[in-house]
Amino acid sequence: MQAAILTQFGAPLTVREVPEPEAGGGEVLVEVLATCVAPYAAEVFSGERNYPLVPPVVPGTGGVGRVVHVGPDATRLRAGDLVWCDSTVRSRDDALTPDITLQGWSSRGGGGARLARYLHDGSFAELMRVPTENVFPLPAAAGDDPARWAALSVHLIPYGGLLAGGLAAGETLLVSGATGNLGSSAVAVALAMGAGRVVAPGRNLAALDLLADRFGPRVRPVPLTGDEADDRAAMSAAADGPIDMVIDLLPPSAPSSAARTAAMTVREYGRVVLMGGVGMLGGDDLALPYPWIMRNSITVRGQWMYPRTANVGIIRLITSGTLDLAPERVRSFGLNAVNDAVTYAASHGGPFDRTALIPPTR
């Protein structure tokens with residue numbers, strides 16, 4: 001089959017023929033129809049993000065595809081089924097604290113690295129081998145535009161954070177990093193889940209205007225100045241009432257002060273969910289005042305990725321039309337143009353910009 005290979009960090013991806021993967025028990029072989037190229041993919045492939053990928057590797061985080069072959073333990077999946085392939089793979093031998101790898105992308109700890117050595121390759125290829133429990137049926141409509149549905153890899157991440165924080169219908173949410181690719185997704189997903197109001201702070205005024213135009217008065221844009229006291233006051237004022245929950249999706253380049261400013265707008269007994277990259281590239285750690293957390297009974301929770309059931313939930317939100325993919329700007333590239341796709345994604349990482357890779361059909 002054809003696949004895009006990261007041969008070494010800092011080198012362009014190479015498209016070449018490689019052996020087809022073989023799926024065994026507990027696995028599904030899927031023909032990849034479309035996969036999303038993350039805006040920060042270039043940073044991963046250059047080595048800037050220090051991700052624990054081991055070249056040579058086929059990168060790529062999940063995708064939309066068709067089942068080619070199922071293992072003997074699959075009871076509902078069939079060859080020909082249109083499916084979503086989730087890249088978040090968990091070890092099966094520890095139900096309480098499973099090791100995790102993001103297939104074709106990253107991993108956590110020694111156990112995750114060991115899992116990644118087995119499930120090494122991702123979705124920048126014609127075929128992909130996926131654990132059975134990571135394959136989810138899609139509605140027939142997804143087959144009409146698989147490139148658009150490949151954005152599941154983006155929307156699943158903030159959805160997992162919103163589930164972790166227990167966002168309830170009618171609540172007010174503040175999205176720290178709202179003008180970014182993941183942050184703008186969090187705005188859309190939160191509204192689809194029934195949030196009454198979403199406070200959207202950011203420095204990119206054009207992106208703030210886009211959010212306001214798309215979602216109307218339920219979104220409250222807040223231009224940031226960089227002054228902690230002033231920005232906190234502006235965010236609190238925009239909420240026009242208590243902020244029930246804050247989700248942070250700031251990138252590694254953001255200062256920890258920005259995450260702290262947003263987090264400390266939350267009301268007494270409020271929740272703060274941390275999902276961004278602050279401090280991951282050597283910046284200052286996030287410092288929150290102990291007395292403020294304790295005396296206000298604040299819940300602060302970290303969340304990496306999402307539970308398996310989130311895949312079903314986000315597919316339902318899209319299928320029902322509650323989360324509308326139609327306004328998203330999708331640019332598709334063939335597999336042979338993978339390096340062009342990576343470059344394009346890096347310069348088009350704003351709200352609802354999607355870059356898709358379309359392997360050749362077999």
# chains A, B, ... in the order shown; residues from 1 in each chain; ligands from 1
$ residues_around --residues "segment 206-209 of chain A" --least-positions-apart "2" --cutoff "6 Å" --atoms "only C-alpha atoms" --output "compact mmCIF listing (two decimals) with N, CA and C atoms, in the first residue's frame"
# COMPACT_ATOMS: atom_id res chain seq x y z
N THR A 179 -9.73 31.29 20.51
CA THR A 179 -9.52 31.65 19.12
C THR A 179 -8.66 30.63 18.37
N ASN A 204 -6.82 37.53 19.01
CA ASN A 204 -7.10 37.60 17.58
C ASN A 204 -8.50 38.16 17.37
N LEU A 211 -16.34 34.03 15.73
CA LEU A 211 -17.11 33.28 16.72
C LEU A 211 -18.44 33.98 17.01
N ALA A 212 -18.38 35.30 17.16
CA ALA A 212 -19.61 36.05 17.45
C ALA A 212 -20.59 35.97 16.28
N PRO A 221 -17.37 37.49 23.23
CA PRO A 221 -15.94 37.67 22.95
C PRO A 221 -15.31 38.69 23.91
$ residues_around --residues "Ser185 of chain A" --least-positions-apart "2" --cutoff "10 Å" --atoms "only C-alpha atoms" --output "PyMOL selection string"
chain A and resi 151+154-159+175+178-183+187-191+323+351-352
$ residues_around --residues "Glu20 of chain A" --least-positions-apart "2" --cutoff "7 Å" --atoms "only C-alpha atoms" --output "ChimeraX atom specification"
/A:1,18,22,127
$ residues_around --residues "Pro223 of chain A" --least-positions-apart "3" --cutoff "7 Å" --atoms "only C-alpha atoms" --output "JSON, numbers by chain"
{"A": [201, 202, 203, 205]}
$ residues_around --residues "Pro56 of chain A" --least-positions-apart "4" --cutoff "7 Å" --atoms "only C-alpha atoms" --output "MDAnalysis selection string"
chainID A and resid 5:8
$ closest_residue --among "A:Met128, A:Leu119, A:Leu13, A:Ala229" --to "Ala34 of chain A" --atoms "only C-alpha atoms"
A:Met128
$ select_by_dssp --residues "segment 88-304 of chain A" --states "strand (DSSP E)" --output "PyMOL selection string"
chain A and resi 88-90+100-102+106-107+127-131+135-137+172-176+197-202+219-223+245-248+271-274+299-302
$ atom_distance --atom1 "atom CA of Arg92 of chain A" --atom2 "atom CA of Gly62 of chain A"
19.1 Å
$ closest_residue --among "A:Leu335, A:Ala95, A:Leu82, A:Ala116" --to "Asp145 of chain A" --atoms "only C-alpha atoms"
A:Leu82
$ closest_atom_pairs --of "segment 24-122 of chain A" --to "segment 253-268 of chain A" --cutoff "12 Å" --atoms "only C-alpha atoms" --output "CSV"
residue,atom,partner,partner_atom,distance
A:Tyr40,CA,A:Ser253,CA,11.5
A:Glu43,CA,A:Ser253,CA,11.7
A:Glu48,CA,A:Ser253,CA,11.5
A:Arg49,CA,A:Ser253,CA,10.7
$ write_last_selection --atoms "N, CA, C and O atoms" --output "mmCIF file, in the first residue's frame"
data_model
loop_
_atom_site.group_PDB
_atom_site.id
_atom_site.type_symbol
_atom_site.label_atom_id
_atom_site.label_comp_id
_atom_site.auth_asym_id
_atom_site.auth_seq_id
_atom_site.Cartn_x
_atom_site.Cartn_y
_atom_site.Cartn_z
ATOM 1 N N TYR A 40 -0.523 21.807 14.156
ATOM 2 C CA TYR A 40 0.811 21.744 14.746
ATOM 3 C C TYR A 40 1.606 20.524 14.280
ATOM 4 O O TYR A 40 2.664 20.203 14.849
ATOM 5 N N GLU A 43 5.266 21.008 13.741
ATOM 6 C CA GLU A 43 6.051 21.075 14.972
ATOM 7 C C GLU A 43 6.371 19.679 15.506
ATOM 8 O O GLU A 43 7.426 19.455 16.097
ATOM 9 N N GLU A 48 10.210 19.669 17.255
ATOM 10 C CA GLU A 48 10.076 20.806 18.172
ATOM 11 C C GLU A 48 9.236 20.457 19.395
ATOM 12 O O GLU A 48 9.521 20.917 20.502
ATOM 13 N N ARG A 49 8.217 19.632 19.216
ATOM 14 C CA ARG A 49 7.329 19.303 20.335
ATOM 15 C C ARG A 49 7.814 18.110 21.165
ATOM 16 O O ARG A 49 7.171 17.750 22.154
#
$ closest_residue --among "A:Gly277, A:Gly65, A:Pro242, A:Gly110" --to "Leu138 of chain A" --atoms "only C-alpha atoms"
A:Gly65
$ select_by_dssp --residues "segment 130-269 of chain A" --states "alpha helix (DSSP H)" --output "ChimeraX atom specification"
/A:146-149,152-164,181-192,205-215,228-239,256-263
$ residues_around --residues "Ile318 of chain A" --least-positions-apart "4" --cutoff "10 Å" --atoms "only C-alpha atoms" --output "list in words"
Pro139, Ala142, Trp149, Leu152, Val189, Ala192, Gly313, Ile314, Thr322, Leu323, Asp324 and Leu325 of chain A
$ residues_around --residues "Arg114 of chain A" --least-positions-apart "5" --cutoff "10 Å" --atoms "only C-alpha atoms" --output "MDAnalysis selection string"
chainID A and resid 91 99:101 107:109 119:120
$ write_last_selection --atoms "all heavy atoms" --output "compact mmCIF listing (two decimals), in the first residue's frame"
# COMPACT_ATOMS: atom_id res chain seq x y z
N SER A 91 -4.36 0.31 26.90
CA SER A 91 -3.99 -1.08 27.17
C SER A 91 -5.18 -1.81 27.77
O SER A 91 -6.01 -1.22 28.47
CB SER A 91 -2.80 -1.14 28.13
OG SER A 91 -3.11 -0.50 29.35
N ASP A 99 -2.52 2.17 30.36
CA ASP A 99 -1.55 2.93 29.58
C ASP A 99 -2.22 3.40 28.30
O ASP A 99 -3.14 2.76 27.78
CB ASP A 99 -0.33 2.06 29.26
CG ASP A 99 0.49 1.75 30.50
OD1 ASP A 99 0.88 2.71 31.20
OD2 ASP A 99 0.75 0.56 30.76
N ILE A 100 -1.73 4.54 27.79
CA ILE A 100 -2.36 5.16 26.62
C ILE A 100 -1.32 5.50 25.57
O ILE A 100 -0.24 6.01 25.89
CB ILE A 100 -3.14 6.44 27.00
CG1 ILE A 100 -4.31 6.09 27.93
CG2 ILE A 100 -3.65 7.17 25.77
CD1 ILE A 100 -5.09 7.29 28.41
N THR A 101 -1.64 5.22 24.32
CA THR A 101 -0.88 5.74 23.19
C THR A 101 -1.85 6.38 22.21
O THR A 101 -2.99 5.93 22.08
CB THR A 101 -0.06 4.64 22.50
OG1 THR A 101 0.77 5.24 21.51
CG2 THR A 101 -0.95 3.60 21.84
N SER A 107 2.47 9.18 23.03
CA SER A 107 2.17 8.17 24.05
C SER A 107 2.48 8.76 25.41
O SER A 107 3.08 9.84 25.52
CB SER A 107 2.97 6.89 23.82
OG SER A 107 4.35 7.14 23.87
N ARG A 108 2.10 8.03 26.46
CA ARG A 108 2.32 8.50 27.82
C ARG A 108 3.08 7.44 28.61
O ARG A 108 2.60 6.32 28.78
CB ARG A 108 0.97 8.76 28.50
CG ARG A 108 1.08 9.34 29.90
CD ARG A 108 -0.28 9.41 30.57
NE ARG A 108 -0.80 8.06 30.85
CZ ARG A 108 -2.03 7.82 31.28
NH1 ARG A 108 -2.89 8.81 31.41
NH2 ARG A 108 -2.43 6.58 31.53
N GLY A 109 4.26 7.78 29.09
CA GLY A 109 5.01 6.90 29.97
C GLY A 109 5.56 5.66 29.27
O GLY A 109 5.40 5.45 28.07
N LEU A 119 1.25 -0.86 18.16
CA LEU A 119 0.34 -0.07 17.31
C LEU A 119 1.09 1.18 16.87
O LEU A 119 0.81 2.29 17.31
CB LEU A 119 -0.94 0.25 18.07
CG LEU A 119 -1.90 -0.93 18.22
CD1 LEU A 119 -2.91 -0.66 19.31
CD2 LEU A 119 -2.59 -1.23 16.90
N HIS A 120 2.06 0.96 15.99
CA HIS A 120 3.05 1.98 15.68
C HIS A 120 2.55 3.02 14.69
O HIS A 120 2.82 4.21 14.83
CB HIS A 120 4.29 1.27 15.10
CG HIS A 120 5.49 2.15 14.93
ND1 HIS A 120 6.06 2.84 15.98
CD2 HIS A 120 6.24 2.44 13.83
CE1 HIS A 120 7.10 3.51 15.55
NE2 HIS A 120 7.24 3.30 14.25
$ closest_residue --among "A:Pro12, A:Gly321, A:Gly216, A:Gly166" --to "Val246 of chain A" --atoms "only C-alpha atoms"
A:Gly166
$ closest_residue --among "A:Ala239, A:Met280, A:Val135, A:Ala150" --to "Leu173 of chain A" --atoms "only C-alpha atoms"
A:Ala239
$ atom_distance --atom1 "atom CA of Asn336 of chain A" --atom2 "atom CA of Glu17 of chain A"
11.6 Å
$ decode --residues "segment 189-200 of chain A" --atoms "all heavy atoms" --output "PDB file, in the first residue's frame"
ATOM      1  N   VAL A 189     -18.764  22.965  20.514  1.00  0.00           N
ATOM      2  CA  VAL A 189     -19.234  21.756  21.192  1.00  0.00           C
ATOM      3  C   VAL A 189     -20.017  22.110  22.451  1.00  0.00           C
ATOM      4  O   VAL A 189     -21.055  21.506  22.748  1.00  0.00           O
ATOM      5  CB  VAL A 189     -18.052  20.825  21.519  1.00  0.00           C
ATOM      6  CG1 VAL A 189     -18.517  19.639  22.355  1.00  0.00           C
ATOM      7  CG2 VAL A 189     -17.395  20.327  20.231  1.00  0.00           C
ATOM      8  N   ALA A 190     -19.528  23.096  23.206  1.00  0.00           N
ATOM      9  CA  ALA A 190     -20.231  23.499  24.427  1.00  0.00           C
ATOM     10  C   ALA A 190     -21.638  23.992  24.115  1.00  0.00           C
ATOM     11  O   ALA A 190     -22.604  23.665  24.828  1.00  0.00           O
ATOM     12  CB  ALA A 190     -19.436  24.580  25.156  1.00  0.00           C
ATOM     13  N   LEU A 191     -21.776  24.784  23.066  1.00  0.00           N
ATOM     14  CA  LEU A 191     -23.101  25.270  22.684  1.00  0.00           C
ATOM     15  C   LEU A 191     -23.983  24.113  22.229  1.00  0.00           C
ATOM     16  O   LEU A 191     -25.182  24.080  22.521  1.00  0.00           O
ATOM     17  CB  LEU A 191     -22.976  26.321  21.591  1.00  0.00           C
ATOM     18  CG  LEU A 191     -22.305  27.638  22.029  1.00  0.00           C
ATOM     19  CD1 LEU A 191     -22.038  28.524  20.834  1.00  0.00           C
ATOM     20  CD2 LEU A 191     -23.159  28.367  23.065  1.00  0.00           C
ATOM     21  N   ALA A 192     -23.387  23.147  21.527  1.00  0.00           N
ATOM     22  CA  ALA A 192     -24.156  21.970  21.111  1.00  0.00           C
ATOM     23  C   ALA A 192     -24.623  21.157  22.318  1.00  0.00           C
ATOM     24  O   ALA A 192     -25.672  20.514  22.273  1.00  0.00           O
ATOM     25  CB  ALA A 192     -23.313  21.091  20.189  1.00  0.00           C
ATOM     26  N   MET A 193     -23.861  21.195  23.399  1.00  0.00           N
ATOM     27  CA  MET A 193     -24.222  20.483  24.625  1.00  0.00           C
ATOM     28  C   MET A 193     -25.231  21.255  25.478  1.00  0.00           C
ATOM     29  O   MET A 193     -25.683  20.749  26.503  1.00  0.00           O
ATOM     30  CB  MET A 193     -22.968  20.195  25.450  1.00  0.00           C
ATOM     31  CG  MET A 193     -22.001  19.211  24.806  1.00  0.00           C
ATOM     32  SD  MET A 193     -20.422  19.082  25.708  1.00  0.00           S
ATOM     33  CE  MET A 193     -20.976  18.305  27.243  1.00  0.00           C
ATOM     34  N   GLY A 194     -25.531  22.488  25.077  1.00  0.00           N
ATOM     35  CA  GLY A 194     -26.543  23.254  25.789  1.00  0.00           C
ATOM     36  C   GLY A 194     -26.037  24.351  26.691  1.00  0.00           C
ATOM     37  O   GLY A 194     -26.801  24.879  27.513  1.00  0.00           O
ATOM     38  N   ALA A 195     -24.758  24.713  26.581  1.00  0.00           N
ATOM     39  CA  ALA A 195     -24.245  25.815  27.400  1.00  0.00           C
ATOM     40  C   ALA A 195     -25.091  27.065  27.167  1.00  0.00           C
ATOM     41  O   ALA A 195     -25.446  27.398  26.033  1.00  0.00           O
ATOM     42  CB  ALA A 195     -22.789  26.100  27.059  1.00  0.00           C
ATOM     43  N   GLY A 196     -25.402  27.764  28.249  1.00  0.00           N
ATOM     44  CA  GLY A 196     -26.217  28.961  28.111  1.00  0.00           C
ATOM     45  C   GLY A 196     -25.436  30.138  27.582  1.00  0.00           C
ATOM     46  O   GLY A 196     -25.968  30.983  26.847  1.00  0.00           O
ATOM     47  N   ARG A 197     -24.144  30.181  27.936  1.00  0.00           N
ATOM     48  CA  ARG A 197     -23.296  31.302  27.529  1.00  0.00           C
ATOM     49  C   ARG A 197     -21.858  30.813  27.499  1.00  0.00           C
ATOM     50  O   ARG A 197     -21.446  30.030  28.362  1.00  0.00           O
ATOM     51  CB  ARG A 197     -23.447  32.454  28.518  1.00  0.00           C
ATOM     52  CG  ARG A 197     -22.682  33.712  28.178  1.00  0.00           C
ATOM     53  CD  ARG A 197     -23.060  34.843  29.128  1.00  0.00           C
ATOM     54  NE  ARG A 197     -24.468  35.212  28.968  1.00  0.00           N
ATOM     55  CZ  ARG A 197     -25.328  35.383  29.977  1.00  0.00           C
ATOM     56  NH1 ARG A 197     -24.923  35.187  31.221  1.00  0.00           N
ATOM     57  NH2 ARG A 197     -26.568  35.733  29.742  1.00  0.00           N
ATOM     58  N   VAL A 198     -21.093  31.276  26.522  1.00  0.00           N
ATOM     59  CA  VAL A 198     -19.680  30.921  26.434  1.00  0.00           C
ATOM     60  C   VAL A 198     -18.866  32.203  26.330  1.00  0.00           C
ATOM     61  O   VAL A 198     -19.046  32.988  25.391  1.00  0.00           O
ATOM     62  CB  VAL A 198     -19.385  30.020  25.217  1.00  0.00           C
ATOM     63  CG1 VAL A 198     -17.886  29.735  25.128  1.00  0.00           C
ATOM     64  CG2 VAL A 198     -20.162  28.715  25.317  1.00  0.00           C
ATOM     65  N   VAL A 199     -18.000  32.427  27.300  1.00  0.00           N
ATOM     66  CA  VAL A 199     -17.085  33.561  27.280  1.00  0.00           C
ATOM     67  C   VAL A 199     -15.847  33.137  26.489  1.00  0.00           C
ATOM     68  O   VAL A 199     -15.231  32.101  26.776  1.00  0.00           O
ATOM     69  CB  VAL A 199     -16.695  33.993  28.697  1.00  0.00           C
ATOM     70  CG1 VAL A 199     -15.713  35.168  28.652  1.00  0.00           C
ATOM     71  CG2 VAL A 199     -17.938  34.362  29.499  1.00  0.00           C
ATOM     72  N   ALA A 200     -15.499  33.936  25.476  1.00  0.00           N
ATOM     73  CA  ALA A 200     -14.430  33.568  24.545  1.00  0.00           C
ATOM     74  C   ALA A 200     -13.351  34.645  24.538  1.00  0.00           C
ATOM     75  O   ALA A 200     -13.417  35.584  23.748  1.00  0.00           O
ATOM     76  CB  ALA A 200     -14.996  33.369  23.142  1.00  0.00           C
TER      77      ALA A 200
END
